[in-house]
Structure formats: C-alpha cells, structure tokens
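Visitor: Take a look at the following structure, please.
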Amino acid sequence: MPAGEEQGRGGRYSIALPRRSWYPACTTKDLGRRRPLAIELMGAPLVVFRDGHGEPGVLVDRCPHRNAPLSGGRVHQGSLECGYHGWRFDGAGRCVAIPGIDGAVEGRRGVGTHAAVERDGIVWFWSESDEAPTGEPFRLPDLGSGTREVVLRYDIDATMHAAIENTLDVPHTAFLHRGLLRGATPKEIHAVRRPIPGGVEVQYHGEPFGIGFFRPKSDTELVHLDRFVLPCVAQVEYRAGPWLQLVNTVLHLPLSEMRTRTWFVLRANSQRLPSPLVQAVIRLQGPRVAKQDVRVLGSQMANVRRFGGELFSSTEMDLFGSAVWRLLRHAEQGDDPPVIEPRQTTFRA
Amino acid sequence: MPAGEEQGRGGRYSIALPRRSWYPACTTKDLGRRRPLAIELMGAPLVVFRDGHGEPGVLVDRCPHRNAPLSGGRVHQGSLECGYHGWRFDGAGRCVAIPGIDGAVEGRRGVGTHAAVERDGIVWFWSESDEAPTGEPFRLPDLGSGTREVVLRYDIDATMHAAIENTLDVPHTAFLHRGLLRGATPKEIHAVRRPIPGGVEVQYHGEPFGIGFFRPKSDTELVHLDRFVLPCVAQVEYRAGPWLQLVNTVLHLPLSEMRTRTWFVLRANSQRLPSPLVQAVIRLQGPRVAKQDVRVLGSQMANVRRFGGELFSSTEMDLFGSAVWRLLRHAEQGDDPPVIEPRQTTFRA
Amino acid sequence: MPAGEEQGRGGRYSIALPRRSWYPACTTKDLGRRRPLAIELMGAPLVVFRDGHGEPGVLVDRCPHRNAPLSGGRVHQGSLECGYHGWRFDGAGRCVAIPGIDGAVEGRRGVGTHAAVERDGIVWFWSESDEAPTGEPFRLPDLGSGTREVVLRYDIDATMHAAIENTLDVPHTAFLHRGLLRGATPKEIHAVRRPIPGGVEVQYHGEPFGIGFFRPKSDTELVHLDRFVLPCVAQVEYRAGPWLQLVNTVLHLPLSEMRTRTWFVLRANSQRLPSPLVQAVIRLQGPRVAKQDVRVLGSQMANVRRFGGELFSSTEMDLFGSAVWRLLRHAEQGDDPPVIEPRQTTFRA
C-alpha cells in the first residue's frame, strides 16, 4: 500500500522504479530495419534500432555533435545516422562516419549504449548504460502448439505501481469491467496470497468462468492465478481444463515517474475451441477492457496531481497493492526482496 | 485599486479570496439526478450531486480508496458512486457501500463535505468543509410577476477582483461595448459612491436610457445603481419607470486564483413592453456583451502574467476598483469591512 | 563552440543576447496603418504600429491603466488605442486621450518606448526602452538594378546562437539539404576563416556551383562567403560571374532565450538569366531549405531541453560555432569584440 495516512508513510506518490534491471523496449514487430524508435526510461531519452547484423541496439538518444535526437534520423548501411549532419553510430555507440571527414572518426566521442537482447518477440534492454547486465529478462509463457497471441500497447498516465496494481486488481474488474470480464451475479471468492521468487502471487478459488459472452456451461474448475514479478511484470493466468489456457503477461516500461508504457501480451490455447474463435474473443474483449483501465488510471493520476499527492486507504480485498509497493521499493533501493507474508481473504466478485 | 506603483502596494496580483463564505456551485438547472458535476473552489476539487432526498451534496472530489475523482462516477440509488471500484457515498460524505464487502463499511474513511443550500435557482455551498456555516447566501432580487430570466455562464481567465471590477465598470461599456450597451453620443454622467452593508454602491445620474436598439424616446428618468456585495456578487440595476426594471446579478466562483466562473443572472420586467420582447432583447444582447468582456479580461490576465504582475493606474472614473479590493482584502483576512468613503465624480459615457 | 564538456565551459545553454543593439521588429510590408503588431524581445512584450506621421513606433505592450495588451487594440487617428477602455498613445508613448475625460491626460502615466527606424524594407528598433541609440542598423546589400527579392519569415524553437550557426553551417547543407542546395557528389572544399569588423567571415574555395536543378555547366568560378555580424545578422553570399549574384541576409530577433524569429531576405541578380527565372528558383528552393532547418533546429532544441542542457562536440569543419559564440558572449557583457583568430581547413561537401 503506497502513500496515505492509513499507511503512515511520508511519501506522496507511489513512485518506486528499480534500476539495474531488464525492461522491455519494444516488440520485435515494431522494430523495422530502417526507422529507429524513440523511447524513454525514467525520463532518459533512448533510441532503439537494428544494426548491420540485425541485432537490436539501444543508445542514448543524443548526437554528440550538436545534440540532435538520433531517433530523428534513419538506419543507413547498418548504422544509425543523425538527421542533422549525418554522423553515424554502430550498435555499440561508436562513431563510424562523419560526412566531410569520413576517415577521421577515431577518438570521436560516441554515445552511451545499453545491453539489449531480443527474445519471445520482445526487445529487452538493461536499465544502466555502459554496464554489463546480470540475470535474464523475464520469459514469456509457452502454452504449446496452436497458441494464439494478441499484443496490445498503451501509454498510461500512471505510476508503474498504479498500472501494476490495476492489472492485478480483481475487485475493480467486477465493477469497472462488469459485463466484459465478469457475469452480472457476483459469487463468493476465496483468495490466497503467497510469496514467489522475486514477487508475489494470489490464487483465487470459486470464481465463475467466462470472458464476455464466452461462458461454456460446464463443471470445469477455473484455476486463476495473478502474480507480480520484479521489476515490471504483472501476469494473469486462467486455466479452465480443456476449455482454455489464457495468460495475459503485462510488461511495463516506466517512461517517466508518472507515465508508463504497457504491453498486454495475451496468449491463449484451447483443446476444445477452434483457435480463430479464441483469438477473435481476445481481440474483441482485450481492447475494451484495456481502454477502460487506461481511462480510469489517467483520471486517478490527474486527480492525485490535483491534490498534490496520494491519500489512499485499503480493504482486505487489496491483496497486491502493498505487496507490490514493498517489492518495488526494496528493489529500487538495491535491498533484498522483503518477506511477503501469506494472507487469505474472502469477498464477492 | 489593486497592485501598482500608484497605489504603493507591494502585491503583484489582485488576488483576495474571502473564506468562511457562501459561493455559488451551479444552477438548479445544471444539476441533474444522474450526473455529478465537478467544480473547483480556489483550486480545491469538489463534486456536486443530488442525493437520495433530492438535496444537493458538495463533497471533496476524491475517493478515499484509490483517489479517483468521484465526479467521474455517477449517482446510483441516491448515493455518489466512484467509477473505479464502485465505492458509494451519501450527501454527508459517509461511505455507504463497497462492492465485494457491502456490509463492511462501518468505520471506513469518508470524504469531506461542504454545507449546501439551494434557493433562487442556485446551489450555494459553504467554503469550508466539515464546518457549520454562518449567515445566508445572497438573495436574488424579486421583480414581481411577469419577470423574465436569462442565465449565462462563463469561465474567465481573470482574478475574481478583475471580473467584478469589469462588471461594475461603466467607462469600459462606453468604449468596448459601444453600440451594444450605449449610444454613439456620450453624455455627461454624475456618479455618487456610497457604502452599503458588506459592500459598496454607485448611483449614476443623467445617463441615457437604452439597450442596443431598444431605446424608447421618452422623458423617463433612468435610475442606474451598481453594487458589490461580499464576497462574490456584482449587481447592475436599471429602473426606467414603467418601461423597464432590469437587474443583472453576477455571481462569481473563484475556481482558482486566476480563473473565475461567472453566472449572469439577468432578470427583467416591464409594465409597457411585452415580456417575450424583453426576454428576446436580453437574450440577444447579453451574450454579445459578455463575450467581449470574457475576451478582454482573458487578454488582460495573459498580459499581466507576461509582465509578471500588475502595474495599474487609475482615474477618478474608477470608482469600484479600489473599494472592491479593500473589501475583498479585509474579508480574506477575516477583518471587519473597511470604511468605504463616499465619493462623487462626473464624466462622459 | 558553446556549452559542452569538450569546451570546458560551465554554461548549459548557448544563450547570449547582446543588449544596447538594433534588432529587426518586422518588415515594412507587415506593418499596416490600422493593425498594430505584437512582438517580443528577449521575453519582453512590445507593440509596433505606424503613427500619425507614418513613422513606426515601438512601445511596451501594456496599457498603464489596466494592463491590457495595446497590441489587442487598433490604430485610431494616428495613435494606438487600447481595446479595453480606449486610452490612446502616440509614437513617443505619451497618453493623448482617455474616453470620458478626454482633456485630462496631462501627467498621466505613459508607456515605455523604443527608438525605431525603417530602412531597406525593415523596421529596426533599439533594444533598450527610453534610451538614445548608438550606431546604425545593419544595411542590406544593394545588388544593382534588376535585383529580385524574396523574404521568408520563420519562428524557430532555437537559441539565437543555434539559428545563426545553422545558417552559416556548410557541412549540414551537404547532408540535410542534399539534392536541394548541393549535388550528389561531394567535392573537396577549402575554407578560410578571418575576422571582420564586429564579426567573422569564412570564404570557401573549390565549391561546385548550383541551386537545385539550376546548375549552369560552365567553368565560372564560384565565390562563396559566409559571415556573421553582431548582434543578429548571418549572411550567405554567392557570386558566380555573370550568372548569379545571390545574397541571403538572415536577420534574427530573439523573441525569448529559446525562441528566435528569422527573416531570410534573399536578393539575387543575374546578367545572363531572366529575372523571373531567378526569382522563381529562389521562391521554390528557399522555403524547402528553410523548412528543413526549422524542423531540425526545433528537434535539436527539444532534445537539449530533454537532457537539461547542451553537451556539444565539434570538428575542424565547425568554423563558425565557437567564433559566433564568443562574439555574442562578449557583446552581451558589453566587452570589446574578442580576437577571432584566422583558421583554414579542408573538407568534402
């Protein structure tokens, strides 16, 4: 639970952004061979491009000559070319050409570079420039052959913490997304929270199964697990026997303290239902749910700003907020993960 | 007369906003049964809605749970429902429902509430939250049966002081509204200023009678009185024997220090002219005059900002500016009203 | 060379704006008889109008009464009339009329005024108000009878220094304006820098001659001189024997520290080519080149702001940047012009 009188904390905004971590830069699909992409990490401008070997490069988005943004240029002969005077840089940030004095690039100032790796359709990068990364980026789930994927991207006016809590917040789905994600008649749900490596997980028991009008009448038990994994992954997992396996992995890139880019990587599979149908349902419902969340998070952030800070209070249903906050906060300060104590609760949704 | 070298005051902007006072929130007409209204008082976000008894409620516009604006929600079963998780509040700011744990609302944090009263077609509220009001809101004038009313609303980029001075400023009407409010040929006018309870009044003698093309040729004497009453009412009163009784009561809500919402409540009656004609003339001329004022006040405010503050000078025609300023300033500081000395002057308008 | 680690300077933005100087206010063509023009000099709002004698007047853009912008008014009977209460001012800033008390303007506060002079189609004004100017404004070049002129105006998000360097920067033209200003095949160019009174000049030898598709095949030697003259003039001069005399005089008005108004006064003449053709080519190419520069300068400025300041590095091709910076900086501080040491270099463009 972030800032607020009931938590006795002094902080006014739920801003905690771990460094020395892997963050998502863009999807494989978004990164072409010609156009560089401009992104930001915690307010620092970066440019992403594909170098001469087809590998992603992530550089500080500033030409060392006259400081024009390299993202305003283009990829030329496998290097990134500034749009002002045509200086070119490779994926390691080294200056490789200056028009007019092409040969004389030795010893020229280069640009800072971030380690990058591309896997599971995502370009990941290390948050520190000119530093060797540790560990691996988060792996996306493999749901087996026949899996369908839909990726949605949104830029949200929200702290990363607020965006993560929103994704993992079951009570709001029963209200805000009524009729989209859940049925009209709430049922009693039993929730069990437990720690996982580098994160926290909640399992929900007794939940009705359905996504919009897609509600097979059967006695299939629904397995529903939500989890957060440091520093930026929220995951919602549904398993309904042979009917559906659905995992929504939400990746967060903190563009700045109060603006967050999110990718919803929705993967689904079914042994009973035809793949095109599964994909069609996700494609239909996903954006509706996401747009409601983007809107409400933006109005929450705007209101918190109007009041000059947060003053939150919580109930026993808010199982993720405080746990995610403590995990982010410890990671930001470079501490070991805190102990997330197990907890159980029952509510209607 | 506010900030400026000729006044020897140190203040740079004419900002003086009395607290512990009644201010207008909205009109009866604007407040429906379903949609709450968002307003601001001196930068503080408030929400206005109609509760289960049809009474107006004015609450602090922040849900105590995750701080979403309550004005983004709706009125449901007579209480105000947040659009994020569906928490509900009554007109006294008490939490009356939380979806998922409906019964368990005892002791939950509520929201601040402002005393409110609805009369004369206006919803008034007390400027302090959770405080018992003193005194009564300003009463609108009763011009007898057959009275027609037109209400116009404008949000102006102006301090409340500048907006009030503009409404009560006769010299600018002769210039800015030439041909709308006044004839092409100026006449000599004698003005007498005197104090009234909680305010100041000026009576004008010798003025030509007419509103646009509505200028009955007669020897009817025109009685013209302008007045300011603390904290937020400017009133312009014309009485031309049996031809016309016209009172323009301008109510001000200081949204912030430099943005002011105004309602022009124009009421008119006539024993000679048909009511529909009177109303048509007001409806035609009112918005034209008001739009010119909104525009000029906005450009005045923008220019004062460009220069980083005010540097005003005045003439003997400026009878209201300094009197209104002193009244506002004393009221803001909780002092007794200052003595507004009587004054007379003559000019052409 | 302005701010940046390689220059060892502490300043973060290349902002140096000489005072006690002549700056361009507007063109003769832009200043009509009725409508005043609003401009800014280093953030100070000014109004330009034509007085009763047809002479340009440059006043502080604030009515002394209620601080409305005089530029929002009109020119009436040869004086500048405020749009709020109709106060009027002459070209010397004296109050000459107040509606209502027309006769009583003696001793009223006037407005600050700047010395102004109109010549070569430009209205120039002195940067200090209420001060006698010294020296003369810059004279535009006379290219003899048959000269054609095109004037382009742009407001650029750039420091004046960055705008001037851009105009005088040959390397970027070979890259950014490829195909517009220069041929596809770069040639070796020898550049010689030398000081001139109140400025600096570079002569380029060995340059190919051509403007877009206008490239006469001949062995005509191209004389190309670029120069900067304090405080605000950048000039590009091409002389190609009887084929072309082209001088682009770029006048800069620093609206604020990071926003600069520029006029490209393009004058051209030819003994061989028909005047309409010369003018058509300028009219066609000029805006294309200028728009590319406006865009890249804006993105440079935005990026420098994103990074909170400049971090430039230079090559031996950057002959103007540091010289212009030192000239501006000394002039800003009221010092004598610095010694600009001669320098030579060779590059391909």
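By convention in this document, the chains of the structure tokens carry letters A, B, ... by their order, each chain's residues are numbered from 1, and ligands are numbered from 1 in the order they are shown.
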Name the residues of segment 70-261 of chain C that fall into alpha helix (DSSP H) according to DSSP on the backbone, using the chain letters and numbers of this document, as an MDAnalysis selection string.

Guide: chainID C and resid 160:167 170:176

Visitor: Give me, as JSON, numbers by chain, the residues of segment 118-270 of chain C that a backbone DSSP run labels strand (DSSP E or B).

Guide: {"C": [118, 119, 122, 123, 124, 125, 126, 148, 149, 150, 151, 152, 153, 154, 155, 156, 178, 182, 188, 189, 190, 191, 192, 193, 194, 195, 196, 199, 200, 201, 202, 203, 204, 205, 211, 214, 223, 224, 225, 226, 227, 228, 229, 233, 234, 235, 236, 237, 238, 239, 240, 244, 245, 246, 247, 248, 249, 250, 251, 252, 253, 254, 255, 256, 259, 260, 261, 262, 263, 264, 265, 266, 267, 268, 269]}

Visitor: Counting only C-alpha atoms, what is within 7 Å of Tyr238 of chain C, bar same-chain residues fewer than 6 positions away, as a PyMOL selection string?

Guide: chain C and resi 222-225+245-247

Visitor: What lies within 9 Å of Ile164 of chain A using only C-alpha atoms, ignoring chain neighbours under 2 positions off, as a ChimeraX atom specification?

Guide: /A:159-162,166-169,228,232-234,250,252,320-321,324

Visitor: Output the selection as a compact mmCIF listing (two decimals), in the first residue's frame - C-alpha atoms for each residue.

Guide:
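As a result, selection.txt now contains:
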```txt
# COMPACT_ATOMS: atom_id res chain seq x y z
CA THR A 159 2.92 5.46 -11.95
CA MET A 160 4.21 1.97 -12.76
CA HIS A 161 2.92 0.91 -9.36
CA ALA A 162 -0.64 2.08 -10.11
CA ASN A 166 -4.67 -2.15 -11.70
CA THR A 167 -3.77 -5.22 -13.78
CA LEU A 168 -3.72 -7.45 -10.72
CA ASP A 169 -6.77 -5.94 -9.02
CA PHE A 228 3.82 -9.82 -9.94
CA CYS A 232 7.92 -4.78 -14.26
CA VAL A 233 5.81 -7.87 -14.97
CA ALA A 234 2.20 -8.46 -13.99
CA VAL A 250 1.65 -7.30 -18.91
CA HIS A 252 5.70 -2.24 -18.07
CA PHE A 320 -1.48 -6.75 -4.21
CA GLY A 321 -1.09 -3.01 -3.67
CA VAL A 324 3.94 -4.79 -4.96
```

Visitor: Find the residues of chain B in contact range of chain C, meaning any atom within 8 Å when counting only C-alpha atoms, and list them as a list of chain:residue names.

Guide: B:Pro171, B:His172, B:Phe175, B:Leu176, B:Val296, B:Ser299, B:Gln300, B:Met301, B:Asn303, B:Val304, B:Arg306, B:Phe307, B:Glu310, B:Leu311, B:Phe312, B:Ser313, B:Ser314, B:Phe347, B:Arg348, B:Ala349

Visitor: What's the separation between atom CA of Leu244 of chain A and atom CA of Glu165 of chain A, in Å to one decimal place?

Guide: 24.7 Å

Visitor: What does the distance between atom CA of Arg295 of chain C and atom CA of Arg88 of chain A come to in Å, to one decimal place?

Guide: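 Separating atom CA of Arg295 of chain C from atom CA of Arg88 of chain A is a distance of 19.9 Å.
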
Visitor: Could you tell me how far atom CA of Ala25 of chain C sits from atom CA of His76 of chain C, in Å to one decimal place?

Guide: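 Those two atoms sit 21.1 Å apart.
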
Visitor: Return the single residue from B:Arg239, B:Arg12, B:Arg119, B:Arg153 that is closest to Gly309 of chain B, with distances computed using only C-alpha atoms.

Guide: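 Of B:Arg239, B:Arg12, B:Arg119, B:Arg153, the one nearest Gly309 of chain B is B:Arg12, counting only C-alpha atoms.
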